[in-house]
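Enquirer: Take this structure, written in structure tokens, and hold onto it; I'll ask about it next.
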Amino acid sequence: MNDQTLNAGAHAILQPRAEKNAKLLLALQMEEGLLENLTFPVSQLPTEQLQNIADKIHKSLAKGRKGFHEIMKENPQPEIAAIAQELAEKIAKGSIPNVATIKKELNEFYIVKTKQDLAWKLQAALDRGEDVSDIVKQIAALDNQPSEKIQHLLAERAFNHAERPEKPTPLFSLLSVPICTAGNISNVQAPAKAGKSAVLESMIGSAIKPSWQNADTLSFTAENPDQRALIHFDTEQSRFDADSLIRRAIRRADVEEPPAWFHSYSLADLSIAERRECLRYSMQTASAKHGGIFAVMIDGIGDLCTDPNDPEESFGLVAELHTLAIQHDCTILTVLHENPGSEAGKTRGHLGSQIERKAETNLRLAKDKDGITTVWSDRARHGHLPKEQGTCFAWSVDHKMHRSCGNAQEIKQAAKRDAMEAEAYKVLFGKDAMSYSDLVKEIVKCLPLKERAAKGRIEKWLEDKIITKSTTGKHSLAD
């Protein structure tokens with residue numbers, strides 16, 4: 001089988017796919033507010049009819065027309081309406097076209113089709129005994145096209161010893177440990193009702209509060225000096241609960257109202273396709289309005305995919321989020337539930353595994369029997385925050401919100417001291433001061449402990465000033 005037959009066969013297979021992709025690309029160009037740089041050379045579209053339609057759409061866009069309706073009003077053609085309808089039906093089914101894939105497949109078709117045409121020209125020229133050098137160069141140029149693109153991409157991303165990339169500025173930190181930087185995704189994970197919403201509202205509060213304002217943001221701090229957009233999405237709660245979270249964040253920041261660059265949306269009633277479209281659209285419009293994006297928070301990333309156990313869908317979603325974070329030079333923070341009873345903090349399905357691999361920081365939350373939640377990160381790229389040094393918070397009835405209660409180490413030490421004070425109180429309360437030997441006997445009797453352990457208790461009580469020792473060697477409770 002020769003190259004002509006191969007190219008003809010490939011052309012027949014790729015033609016229908018190319019027409020479908022061309023229609024999707026044209027429909028995306030008519031969709032108001034979508035990504036820029038969707039244009040594909042008109043001459044490279046698969047059919048003359050599509051080339052004519054593309055030409056009319058481009059002319060309308062150049063005149064400032066926006067959206068399906070404005071373009072169709074100027075060009076009332078059923079072909080354009082049909083293209084728009086095809087995209088609408090695709091989105092309604094939860095399938096969001098990927099622009100890069102569309103362009104790649106169109107380019108693949110164009111190369112195969114052009115090679116086929118050139119192959120026939122080459123054969124005809126050879127039969128006539130004509131010079132074929134120009135045709136051979138055109139074929140070689142087509143063969144080199146993908147490699148040149150790859151070379152360019154690699155050149156832009158190559159390590160350069162003479163130039164060191166600027167160290168990223170932390171956008172969010174926890175206990176002065178950087179947890180979110182531009183161009184990365186991070187994740188908050190926890191069992192149900194462990195305090196994930198409190199973490200989000202505190203991070204929002206840390207971002208919207210004035211720098212001079214003293215507020216309890218649960219040890220989170222934020223740096224957004226250029227006042228770029230902060231976008232929050234809630235996909236899990238009712239409108240009332242989502243609204244309450246933001247109002248607590250405003251109250252926590254001790255401000256009258258949020259700044260104009262803060263945007264929050266409740267998307268629980270939308271389809272998966274609509275949620276993802278809202279994400280892209282809001283990032284584009286907010287970036288244009290506020291000169292860039294600071295951070296995007298997605299409370300319920302599992303609600304942006306149909307099946308978190310589907311590796312293809314999960315990997316695609318995480319890749320899309322990472323790409324958006326890089327494109328907008330911002331951080332994207334996701335929230336995901338841990339599997340019930342998972343001591344290791346395993347999150348849901350392939351989606352959780354992929355987020356954990358790609359995230360620069362995985363914040364973990366755990367609530368104890370006393371209702372105290374500890375926040376820590378044992379899987380972070382820019383700083384390690386072990387659980388025993390994590391920040392802690394608990395619900396305050398008086399404040400009607402979660403409040404800081406120290407770090408885990410301080411709470412643990414305070415609990416130990418409380419236990420020792422209780423023991424000393426039990427042994428010495430209401431009794432006369434005791435000699436060392438009498439106190440040892442009393443401890444053995446009251447607690448009860450072995451003599452050696454009782455002596456250790458006395459040493460520790462004295463060290464922590466729970467008891468005092470007089471000049472005469474008598475021991476009593478400290479004032």
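Letters A, B, ... go to the chains of the structure tokens in the order shown; residues in each chain start at 1; ligands are counted from 1 in the same order.
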Which residues come within 9 Å of region 263-275 of chain A, counting only C-alpha atoms, excluding same-chain residues fewer than 4 positions away, as a PDB file with all heavy atoms, in the first residue's frame?
Expert:
ATOM      1  N   ILE A  91     -23.083  20.588  25.727  1.00  0.00           N
ATOM      2  CA  ILE A  91     -22.928  21.107  27.084  1.00  0.00           C
ATOM      3  C   ILE A  91     -24.021  20.565  28.000  1.00  0.00           C
ATOM      4  O   ILE A  91     -23.778  20.216  29.155  1.00  0.00           O
ATOM      5  CB  ILE A  91     -22.928  22.647  27.081  1.00  0.00           C
ATOM      6  CG1 ILE A  91     -21.659  23.160  26.396  1.00  0.00           C
ATOM      7  CG2 ILE A  91     -23.019  23.207  28.490  1.00  0.00           C
ATOM      8  CD1 ILE A  91     -21.596  24.666  26.243  1.00  0.00           C
ATOM      9  N   ALA A  92     -25.252  20.479  27.477  1.00  0.00           N
ATOM     10  CA  ALA A  92     -26.369  19.974  28.274  1.00  0.00           C
ATOM     11  C   ALA A  92     -26.140  18.525  28.727  1.00  0.00           C
ATOM     12  O   ALA A  92     -26.617  18.109  29.778  1.00  0.00           O
ATOM     13  CB  ALA A  92     -27.665  20.065  27.471  1.00  0.00           C
ATOM     14  N   LYS A  93     -25.398  17.767  27.935  1.00  0.00           N
ATOM     15  CA  LYS A  93     -25.096  16.376  28.285  1.00  0.00           C
ATOM     16  C   LYS A  93     -23.900  16.256  29.221  1.00  0.00           C
ATOM     17  O   LYS A  93     -23.491  15.154  29.576  1.00  0.00           O
ATOM     18  CB  LYS A  93     -24.829  15.569  27.011  1.00  0.00           C
ATOM     19  CG  LYS A  93     -26.051  15.402  26.122  1.00  0.00           C
ATOM     20  CD  LYS A  93     -25.688  14.658  24.839  1.00  0.00           C
ATOM     21  CE  LYS A  93     -26.901  14.506  23.925  1.00  0.00           C
ATOM     22  NZ  LYS A  93     -26.526  13.837  22.652  1.00  0.00           N
ATOM     23  N   GLY A  94     -23.345  17.395  29.621  1.00  0.00           N
ATOM     24  CA  GLY A  94     -22.217  17.376  30.553  1.00  0.00           C
ATOM     25  C   GLY A  94     -20.868  17.239  29.905  1.00  0.00           C
ATOM     26  O   GLY A  94     -19.880  16.963  30.569  1.00  0.00           O
ATOM     27  N   SER A  95     -20.791  17.417  28.598  1.00  0.00           N
ATOM     28  CA  SER A  95     -19.525  17.280  27.877  1.00  0.00           C
ATOM     29  C   SER A  95     -19.026  18.664  27.476  1.00  0.00           C
ATOM     30  O   SER A  95     -19.653  19.333  26.673  1.00  0.00           O
ATOM     31  CB  SER A  95     -19.713  16.403  26.639  1.00  0.00           C
ATOM     32  OG  SER A  95     -18.525  16.313  25.910  1.00  0.00           O
ATOM     33  N   ILE A  96     -17.919  19.087  28.080  1.00  0.00           N
ATOM     34  CA  ILE A  96     -17.365  20.403  27.784  1.00  0.00           C
ATOM     35  C   ILE A  96     -16.237  20.253  26.767  1.00  0.00           C
ATOM     36  O   ILE A  96     -15.252  19.563  27.023  1.00  0.00           O
ATOM     37  CB  ILE A  96     -16.796  21.053  29.058  1.00  0.00           C
ATOM     38  CG1 ILE A  96     -17.868  21.097  30.146  1.00  0.00           C
ATOM     39  CG2 ILE A  96     -16.276  22.444  28.761  1.00  0.00           C
ATOM     40  CD1 ILE A  96     -19.069  21.925  29.797  1.00  0.00           C
ATOM     41  N   ALA A 229      -8.730  39.367  42.241  1.00  0.00           N
ATOM     42  CA  ALA A 229     -10.016  38.735  42.567  1.00  0.00           C
ATOM     43  C   ALA A 229      -9.850  37.488  43.438  1.00  0.00           C
ATOM     44  O   ALA A 229      -8.971  36.655  43.195  1.00  0.00           O
ATOM     45  CB  ALA A 229     -10.747  38.368  41.283  1.00  0.00           C
ATOM     46  N   LEU A 230     -10.700  37.368  44.438  1.00  0.00           N
ATOM     47  CA  LEU A 230     -10.844  36.157  45.244  1.00  0.00           C
ATOM     48  C   LEU A 230     -12.238  35.604  44.965  1.00  0.00           C
ATOM     49  O   LEU A 230     -13.237  36.275  45.199  1.00  0.00           O
ATOM     50  CB  LEU A 230     -10.687  36.473  46.731  1.00  0.00           C
ATOM     51  CG  LEU A 230     -11.036  35.351  47.714  1.00  0.00           C
ATOM     52  CD1 LEU A 230     -10.191  34.104  47.457  1.00  0.00           C
ATOM     53  CD2 LEU A 230     -10.866  35.823  49.155  1.00  0.00           C
ATOM     54  N   ILE A 231     -12.279  34.379  44.427  1.00  0.00           N
ATOM     55  CA  ILE A 231     -13.555  33.774  44.012  1.00  0.00           C
ATOM     56  C   ILE A 231     -13.820  32.532  44.855  1.00  0.00           C
ATOM     57  O   ILE A 231     -12.936  31.678  44.999  1.00  0.00           O
ATOM     58  CB  ILE A 231     -13.530  33.386  42.519  1.00  0.00           C
ATOM     59  CG1 ILE A 231     -13.083  34.571  41.663  1.00  0.00           C
ATOM     60  CG2 ILE A 231     -14.903  32.893  42.067  1.00  0.00           C
ATOM     61  CD1 ILE A 231     -12.862  34.232  40.200  1.00  0.00           C
ATOM     62  N   HIS A 232     -15.027  32.426  45.382  1.00  0.00           N
ATOM     63  CA  HIS A 232     -15.416  31.279  46.214  1.00  0.00           C
ATOM     64  C   HIS A 232     -16.650  30.619  45.611  1.00  0.00           C
ATOM     65  O   HIS A 232     -17.621  31.293  45.238  1.00  0.00           O
ATOM     66  CB  HIS A 232     -15.722  31.764  47.643  1.00  0.00           C
ATOM     67  CG  HIS A 232     -16.446  30.753  48.480  1.00  0.00           C
ATOM     68  ND1 HIS A 232     -17.812  30.805  48.703  1.00  0.00           N
ATOM     69  CD2 HIS A 232     -15.998  29.656  49.143  1.00  0.00           C
ATOM     70  CE1 HIS A 232     -18.165  29.785  49.479  1.00  0.00           C
ATOM     71  NE2 HIS A 232     -17.091  29.080  49.754  1.00  0.00           N
ATOM     72  N   PHE A 233     -16.588  29.290  45.486  1.00  0.00           N
ATOM     73  CA  PHE A 233     -17.732  28.514  44.993  1.00  0.00           C
ATOM     74  C   PHE A 233     -18.160  27.514  46.065  1.00  0.00           C
ATOM     75  O   PHE A 233     -17.308  26.825  46.650  1.00  0.00           O
ATOM     76  CB  PHE A 233     -17.369  27.719  43.727  1.00  0.00           C
ATOM     77  CG  PHE A 233     -17.021  28.573  42.549  1.00  0.00           C
ATOM     78  CD1 PHE A 233     -15.699  28.761  42.180  1.00  0.00           C
ATOM     79  CD2 PHE A 233     -18.006  29.204  41.803  1.00  0.00           C
ATOM     80  CE1 PHE A 233     -15.368  29.544  41.098  1.00  0.00           C
ATOM     81  CE2 PHE A 233     -17.683  29.990  40.721  1.00  0.00           C
ATOM     82  CZ  PHE A 233     -16.361  30.164  40.362  1.00  0.00           C
ATOM     83  N   ASP A 234     -19.450  27.443  46.310  1.00  0.00           N
ATOM     84  CA  ASP A 234     -19.998  26.418  47.194  1.00  0.00           C
ATOM     85  C   ASP A 234     -20.900  25.513  46.376  1.00  0.00           C
ATOM     86  O   ASP A 234     -21.879  25.981  45.780  1.00  0.00           O
ATOM     87  CB  ASP A 234     -20.790  27.057  48.343  1.00  0.00           C
ATOM     88  CG  ASP A 234     -21.204  26.036  49.388  1.00  0.00           C
ATOM     89  OD1 ASP A 234     -22.007  25.138  49.042  1.00  0.00           O
ATOM     90  OD2 ASP A 234     -20.730  26.103  50.528  1.00  0.00           O
ATOM     91  N   THR A 235     -20.569  24.231  46.325  1.00  0.00           N
ATOM     92  CA  THR A 235     -21.357  23.278  45.534  1.00  0.00           C
ATOM     93  C   THR A 235     -22.130  22.310  46.410  1.00  0.00           C
ATOM     94  O   THR A 235     -22.826  21.440  45.897  1.00  0.00           O
ATOM     95  CB  THR A 235     -20.436  22.460  44.615  1.00  0.00           C
ATOM     96  OG1 THR A 235     -19.591  21.626  45.416  1.00  0.00           O
ATOM     97  CG2 THR A 235     -19.569  23.364  43.755  1.00  0.00           C
ATOM     98  N   GLU A 236     -22.026  22.449  47.742  1.00  0.00           N
ATOM     99  CA  GLU A 236     -22.591  21.443  48.646  1.00  0.00           C
ATOM    100  C   GLU A 236     -23.767  21.945  49.475  1.00  0.00           C
ATOM    101  O   GLU A 236     -24.725  21.219  49.720  1.00  0.00           O
ATOM    102  CB  GLU A 236     -21.503  20.924  49.595  1.00  0.00           C
ATOM    103  CG  GLU A 236     -20.379  20.198  48.887  1.00  0.00           C
ATOM    104  CD  GLU A 236     -19.416  19.543  49.856  1.00  0.00           C
ATOM    105  OE1 GLU A 236     -19.282  20.031  50.994  1.00  0.00           O
ATOM    106  OE2 GLU A 236     -18.797  18.538  49.479  1.00  0.00           O
ATOM    107  N   GLN A 237     -23.693  23.187  49.934  1.00  0.00           N
ATOM    108  CA  GLN A 237     -24.668  23.668  50.911  1.00  0.00           C
ATOM    109  C   GLN A 237     -25.849  24.383  50.242  1.00  0.00           C
ATOM    110  O   GLN A 237     -25.793  24.745  49.070  1.00  0.00           O
ATOM    111  CB  GLN A 237     -23.986  24.636  51.885  1.00  0.00           C
ATOM    112  CG  GLN A 237     -22.798  24.033  52.617  1.00  0.00           C
ATOM    113  CD  GLN A 237     -22.204  25.003  53.623  1.00  0.00           C
ATOM    114  OE1 GLN A 237     -22.426  24.900  54.816  1.00  0.00           O
ATOM    115  NE2 GLN A 237     -21.421  25.958  53.140  1.00  0.00           N
ATOM    116  N   SER A 238     -26.889  24.603  51.039  1.00  0.00           N
ATOM    117  CA  SER A 238     -28.028  25.390  50.577  1.00  0.00           C
ATOM    118  C   SER A 238     -27.607  26.849  50.432  1.00  0.00           C
ATOM    119  O   SER A 238     -26.551  27.263  50.934  1.00  0.00           O
ATOM    120  CB  SER A 238     -29.175  25.297  51.582  1.00  0.00           C
ATOM    121  OG  SER A 238     -28.817  25.951  52.803  1.00  0.00           O
ATOM    122  N   ARG A 239     -28.431  27.642  49.748  1.00  0.00           N
ATOM    123  CA  ARG A 239     -28.121  29.062  49.593  1.00  0.00           C
ATOM    124  C   ARG A 239     -27.983  29.738  50.954  1.00  0.00           C
ATOM    125  O   ARG A 239     -27.111  30.590  51.156  1.00  0.00           O
ATOM    126  CB  ARG A 239     -29.234  29.754  48.777  1.00  0.00           C
ATOM    127  CG  ARG A 239     -29.271  29.379  47.310  1.00  0.00           C
ATOM    128  CD  ARG A 239     -28.099  29.964  46.549  1.00  0.00           C
ATOM    129  NE  ARG A 239     -28.137  31.408  46.467  1.00  0.00           N
ATOM    130  CZ  ARG A 239     -28.762  32.094  45.520  1.00  0.00           C
ATOM    131  NH1 ARG A 239     -29.423  31.454  44.575  1.00  0.00           N
ATOM    132  NH2 ARG A 239     -28.717  33.406  45.509  1.00  0.00           N
ATOM    133  N   ALA A 242     -24.613  28.621  52.591  1.00  0.00           N
ATOM    134  CA  ALA A 242     -23.496  29.230  51.876  1.00  0.00           C
ATOM    135  C   ALA A 242     -23.400  30.722  52.203  1.00  0.00           C
ATOM    136  O   ALA A 242     -22.303  31.264  52.392  1.00  0.00           O
ATOM    137  CB  ALA A 242     -23.662  29.028  50.369  1.00  0.00           C
ATOM    138  N   ASP A 243     -24.551  31.369  52.281  1.00  0.00           N
ATOM    139  CA  ASP A 243     -24.601  32.783  52.642  1.00  0.00           C
ATOM    140  C   ASP A 243     -24.085  32.997  54.067  1.00  0.00           C
ATOM    141  O   ASP A 243     -23.334  33.934  54.336  1.00  0.00           O
ATOM    142  CB  ASP A 243     -26.039  33.287  52.514  1.00  0.00           C
ATOM    143  CG  ASP A 243     -26.180  34.744  52.889  1.00  0.00           C
ATOM    144  OD1 ASP A 243     -26.420  35.032  54.082  1.00  0.00           O
ATOM    145  OD2 ASP A 243     -26.060  35.593  51.997  1.00  0.00           O
ATOM    146  N   ILE A 246     -20.242  33.050  54.372  1.00  0.00           N
ATOM    147  CA  ILE A 246     -19.608  34.298  53.949  1.00  0.00           C
ATOM    148  C   ILE A 246     -19.837  35.400  54.979  1.00  0.00           C
ATOM    149  O   ILE A 246     -18.939  36.202  55.265  1.00  0.00           O
ATOM    150  CB  ILE A 246     -20.115  34.732  52.561  1.00  0.00           C
ATOM    151  CG1 ILE A 246     -19.834  33.634  51.526  1.00  0.00           C
ATOM    152  CG2 ILE A 246     -19.473  36.040  52.137  1.00  0.00           C
ATOM    153  CD1 ILE A 246     -18.384  33.209  51.434  1.00  0.00           C
ATOM    154  N   PRO A 258     -17.735  42.970  52.347  1.00  0.00           N
ATOM    155  CA  PRO A 258     -16.557  42.467  51.628  1.00  0.00           C
ATOM    156  C   PRO A 258     -16.098  43.451  50.559  1.00  0.00           C
ATOM    157  O   PRO A 258     -16.889  44.265  50.088  1.00  0.00           O
ATOM    158  CB  PRO A 258     -17.051  41.159  51.002  1.00  0.00           C
ATOM    159  CG  PRO A 258     -18.529  41.364  50.836  1.00  0.00           C
ATOM    160  CD  PRO A 258     -18.951  42.203  52.003  1.00  0.00           C
ATOM    161  N   PRO A 259     -14.835  43.382  50.160  1.00  0.00           N
ATOM    162  CA  PRO A 259     -14.345  44.278  49.095  1.00  0.00           C
ATOM    163  C   PRO A 259     -14.946  43.901  47.747  1.00  0.00           C
ATOM    164  O   PRO A 259     -15.443  42.787  47.554  1.00  0.00           O
ATOM    165  CB  PRO A 259     -12.832  44.044  49.109  1.00  0.00           C
ATOM    166  CG  PRO A 259     -12.663  42.682  49.702  1.00  0.00           C
ATOM    167  CD  PRO A 259     -13.771  42.513  50.690  1.00  0.00           C
ATOM    168  N   LEU A 279     -17.161  28.163  36.503  1.00  0.00           N
ATOM    169  CA  LEU A 279     -15.784  28.326  36.990  1.00  0.00           C
ATOM    170  C   LEU A 279     -14.931  29.057  35.966  1.00  0.00           C
ATOM    171  O   LEU A 279     -14.290  30.068  36.274  1.00  0.00           O
ATOM    172  CB  LEU A 279     -15.183  26.956  37.306  1.00  0.00           C
ATOM    173  CG  LEU A 279     -13.675  26.915  37.583  1.00  0.00           C
ATOM    174  CD1 LEU A 279     -13.359  27.674  38.865  1.00  0.00           C
ATOM    175  CD2 LEU A 279     -13.183  25.476  37.681  1.00  0.00           C
ATOM    176  N   ARG A 280     -14.945  28.576  34.731  1.00  0.00           N
ATOM    177  CA  ARG A 280     -14.113  29.183  33.695  1.00  0.00           C
ATOM    178  C   ARG A 280     -14.550  30.616  33.379  1.00  0.00           C
ATOM    179  O   ARG A 280     -13.720  31.515  33.243  1.00  0.00           O
ATOM    180  CB  ARG A 280     -14.138  28.322  32.426  1.00  0.00           C
ATOM    181  CG  ARG A 280     -13.423  26.984  32.582  1.00  0.00           C
ATOM    182  CD  ARG A 280     -13.305  26.288  31.244  1.00  0.00           C
ATOM    183  NE  ARG A 280     -14.603  25.871  30.740  1.00  0.00           N
ATOM    184  CZ  ARG A 280     -15.131  24.668  30.959  1.00  0.00           C
ATOM    185  NH1 ARG A 280     -14.483  23.785  31.682  1.00  0.00           N
ATOM    186  NH2 ARG A 280     -16.312  24.346  30.454  1.00  0.00           N
ATOM    187  N   ALA A 286     -13.641  37.916  36.078  1.00  0.00           N
ATOM    188  CA  ALA A 286     -13.071  38.529  37.280  1.00  0.00           C
ATOM    189  C   ALA A 286     -11.634  38.980  37.036  1.00  0.00           C
ATOM    190  O   ALA A 286     -11.194  40.019  37.535  1.00  0.00           O
ATOM    191  CB  ALA A 286     -13.124  37.550  38.454  1.00  0.00           C
ATOM    192  N   ASP A 303     -18.045  17.642  43.388  1.00  0.00           N
ATOM    193  CA  ASP A 303     -19.274  17.969  42.668  1.00  0.00           C
ATOM    194  C   ASP A 303     -19.000  18.566  41.291  1.00  0.00           C
ATOM    195  O   ASP A 303     -19.932  18.994  40.606  1.00  0.00           O
ATOM    196  CB  ASP A 303     -20.122  18.948  43.489  1.00  0.00           C
ATOM    197  CG  ASP A 303     -20.646  18.314  44.766  1.00  0.00           C
ATOM    198  OD1 ASP A 303     -21.027  17.128  44.718  1.00  0.00           O
ATOM    199  OD2 ASP A 303     -20.648  18.988  45.816  1.00  0.00           O
ATOM    200  N   LEU A 304     -17.732  18.599  40.889  1.00  0.00           N
ATOM    201  CA  LEU A 304     -17.394  19.051  39.543  1.00  0.00           C
ATOM    202  C   LEU A 304     -17.077  17.881  38.620  1.00  0.00           C
ATOM    203  O   LEU A 304     -16.589  18.083  37.504  1.00  0.00           O
ATOM    204  CB  LEU A 304     -16.213  20.020  39.576  1.00  0.00           C
ATOM    205  CG  LEU A 304     -16.592  21.521  39.555  1.00  0.00           C
ATOM    206  CD1 LEU A 304     -17.374  21.867  40.813  1.00  0.00           C
ATOM    207  CD2 LEU A 304     -15.355  22.388  39.455  1.00  0.00           C
ATOM    208  N   CYS A 305     -17.323  16.663  39.086  1.00  0.00           N
ATOM    209  CA  CYS A 305     -17.147  15.504  38.218  1.00  0.00           C
ATOM    210  C   CYS A 305     -18.262  14.496  38.499  1.00  0.00           C
ATOM    211  O   CYS A 305     -18.853  14.484  39.576  1.00  0.00           O
ATOM    212  CB  CYS A 305     -15.776  14.860  38.395  1.00  0.00           C
ATOM    213  SG  CYS A 305     -15.520  14.018  39.952  1.00  0.00           S
ATOM    214  N   THR A 306     -18.543  13.676  37.507  1.00  0.00           N
ATOM    215  CA  THR A 306     -19.628  12.692  37.627  1.00  0.00           C
ATOM    216  C   THR A 306     -19.249  11.543  38.526  1.00  0.00           C
ATOM    217  O   THR A 306     -20.035  11.106  39.363  1.00  0.00           O
ATOM    218  CB  THR A 306     -19.988  12.149  36.226  1.00  0.00           C
ATOM    219  OG1 THR A 306     -20.252  13.244  35.351  1.00  0.00           O
ATOM    220  CG2 THR A 306     -21.211  11.245  36.303  1.00  0.00           C
TER     221      THR A 306
END
Enquirer: Would you list, as a PyMOL selection string, the residues of region 69-184 of chain A that end up in alpha helix (DSSP H) under DSSP run on this structure's backbone?
Expert: chain A and resi 69-74+78-92+99-128+133-157
Enquirer: Could you save those same residues with C-alpha atoms as a short mmCIF file (atom, residue, chain, number, x, y, z; two decimals), in the first residue's frame?
Expert:
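The file below, selection-v6.cif, is the result:
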data_model
loop_
_atom_site.label_atom_id
_atom_site.label_comp_id
_atom_site.auth_asym_id
_atom_site.auth_seq_id
_atom_site.Cartn_x
_atom_site.Cartn_y
_atom_site.Cartn_z
CA HIS A 69 -27.90 35.92 19.17
CA GLU A 70 -26.04 39.01 17.93
CA ILE A 71 -24.11 37.02 15.33
CA MET A 72 -27.20 35.17 14.07
CA LYS A 73 -29.16 38.41 13.93
CA GLU A 74 -26.55 39.72 11.52
CA PRO A 78 -29.83 28.00 9.55
CA GLU A 79 -26.30 26.57 9.29
CA ILE A 80 -25.04 28.95 12.00
CA ALA A 81 -28.05 28.21 14.20
CA ALA A 82 -27.41 24.47 13.78
CA ILE A 83 -23.77 24.87 14.86
CA ALA A 84 -24.84 26.80 17.95
CA GLN A 85 -27.45 24.16 18.80
CA GLU A 86 -24.88 21.36 18.54
CA LEU A 87 -22.70 23.01 21.17
CA ALA A 88 -25.70 23.65 23.44
CA GLU A 89 -26.70 19.99 23.26
CA LYS A 90 -23.15 18.86 24.02
CA ILE A 91 -22.93 21.11 27.08
CA ALA A 92 -26.37 19.97 28.27
CA VAL A 99 -10.18 23.69 22.82
CA ALA A 100 -6.67 22.21 22.70
CA THR A 101 -8.02 18.80 21.64
CA ILE A 102 -10.26 20.36 18.99
CA LYS A 103 -7.38 22.32 17.47
CA LYS A 104 -5.09 19.30 17.58
CA GLU A 105 -7.56 17.09 15.70
CA LEU A 106 -8.29 19.83 13.14
CA ASN A 107 -4.58 20.30 12.56
CA GLU A 108 -4.14 16.53 12.20
CA PHE A 109 -6.85 16.47 9.53
CA TYR A 110 -5.34 19.46 7.74
CA ILE A 111 -1.91 17.80 7.60
CA VAL A 112 -3.31 14.49 6.29
CA LYS A 113 -5.52 16.22 3.70
CA THR A 114 -2.71 18.49 2.53
CA LYS A 115 -0.31 15.56 2.30
CA GLN A 116 -2.85 13.70 0.16
CA ASP A 117 -3.20 16.65 -2.20
CA LEU A 118 0.57 17.11 -2.41
CA ALA A 119 1.08 13.39 -3.03
CA TRP A 120 -1.15 13.54 -6.11
CA LYS A 121 0.64 16.68 -7.29
CA LEU A 122 3.99 14.98 -6.76
CA GLN A 123 2.95 11.93 -8.80
CA ALA A 124 1.54 14.09 -11.60
CA ALA A 125 4.71 16.20 -11.70
CA LEU A 126 6.89 13.09 -11.82
CA ASP A 127 4.79 11.69 -14.68
CA ARG A 128 5.30 14.93 -16.61
CA SER A 133 11.68 20.09 -5.33
CA ASP A 134 9.08 22.65 -4.18
CA ILE A 135 6.46 19.95 -3.58
CA VAL A 136 8.98 17.84 -1.63
CA LYS A 137 9.80 20.89 0.54
CA GLN A 138 6.10 21.44 1.27
CA ILE A 139 5.68 17.83 2.35
CA ALA A 140 8.81 18.08 4.54
CA ALA A 141 7.46 21.27 6.14
CA LEU A 142 4.27 19.45 7.09
CA ASP A 143 6.28 16.61 8.61
CA ASN A 144 8.35 19.08 10.61
CA GLN A 145 5.42 21.13 11.88
CA PRO A 146 4.69 19.19 15.09
CA SER A 147 8.37 18.80 16.01
CA GLU A 148 8.99 22.53 15.61
CA LYS A 149 6.14 23.24 17.98
CA ILE A 150 7.51 20.79 20.53
CA GLN A 151 10.98 22.28 20.22
CA HIS A 152 9.52 25.72 20.93
CA LEU A 153 7.61 24.44 23.96
CA LEU A 154 10.71 22.73 25.34
CA ALA A 155 12.89 25.78 24.73
CA GLU A 156 10.52 27.95 26.77
CA ARG A 157 10.62 25.47 29.65
#
Enquirer: What is the CA of Leu24 (chain A)-CA of Glu48 (chain A) distance in Å, reported with one decimal?
Expert: 16.3 Å
Enquirer: Could you tell me how far CA of Glu360 (chain A) sits from CA of Asn98 (chain A), in Å to one decimal place?
Expert: 25.2 Å
Enquirer: What does the structure give for the distance between CA of Ile326 (chain A) and CA of Leu218 (chain A), in Å to one decimal?
Expert: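 For CA of Ile326 (chain A) relative to CA of Leu218 (chain A), the distance reads 28.0 Å.
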Enquirer: For Pro311 (chain A), which of A:Gly383, A:Pro165, A:Gly67, A:Gly349 is the closest residue, counting only C-alpha atoms?
Expert: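 Using only C-alpha atoms, the shortest distance to Pro311 (chain A) belongs to A:Gly349.
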Enquirer: Using only C-alpha atoms, which of the listed residues (A:Asp299, A:Asp398, A:Glu356, A:Glu256) sits closest to Asp378 (chain A)?
Expert: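 Looking only at the distances to Asp378 (chain A), the closest residue turns out to be A:Glu356.
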Enquirer: Please list as number ranges by chain every residue within 8 Å of Ala366 (chain A), counting only C-alpha atoms and excluding residues in the same chain fewer than 6 positions away.
Expert: A: 190-191, 194, 373-375
Enquirer: Nearest residue to Ser435 (chain A) out of A:Val397, A:Leu324, A:Ile458, A:Ala414, using only C-alpha atoms?
Expert: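 Distance minimum relative to Ser435 (chain A) lands on A:Ile458.
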Enquirer: Mind the document's chain letters and residue numbers, and return as a list in words the residues of region 201-317 of chain A that DSSP labels strand (DSSP E).
Expert: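 DSSP on the backbone gives strand (DSSP E) at Phe220, Thr221, Ala222, Ala229, Leu230, Ile231, His232, Phe233, Asp234, Phe262, His263, Ser264, Tyr265, Ser266, Ile293, Phe294, Ala295, Val296, Met297, Ile298 and Asp299 of chain A.
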Enquirer: Residues at most 10 Å from Gln227 (chain A), counting only C-alpha atoms, excluding those fewer than 6 positions away in the same chain, as a PyMOL selection string?
Expert: chain A and resi 207-208+259-262+290-294
Enquirer: Go through A:Arg251, A:Leu321, A:Thr334, A:Thr217 and flag the residue nearest Cys392 (chain A), using only C-alpha atoms for the distances.
Expert: A:Thr217
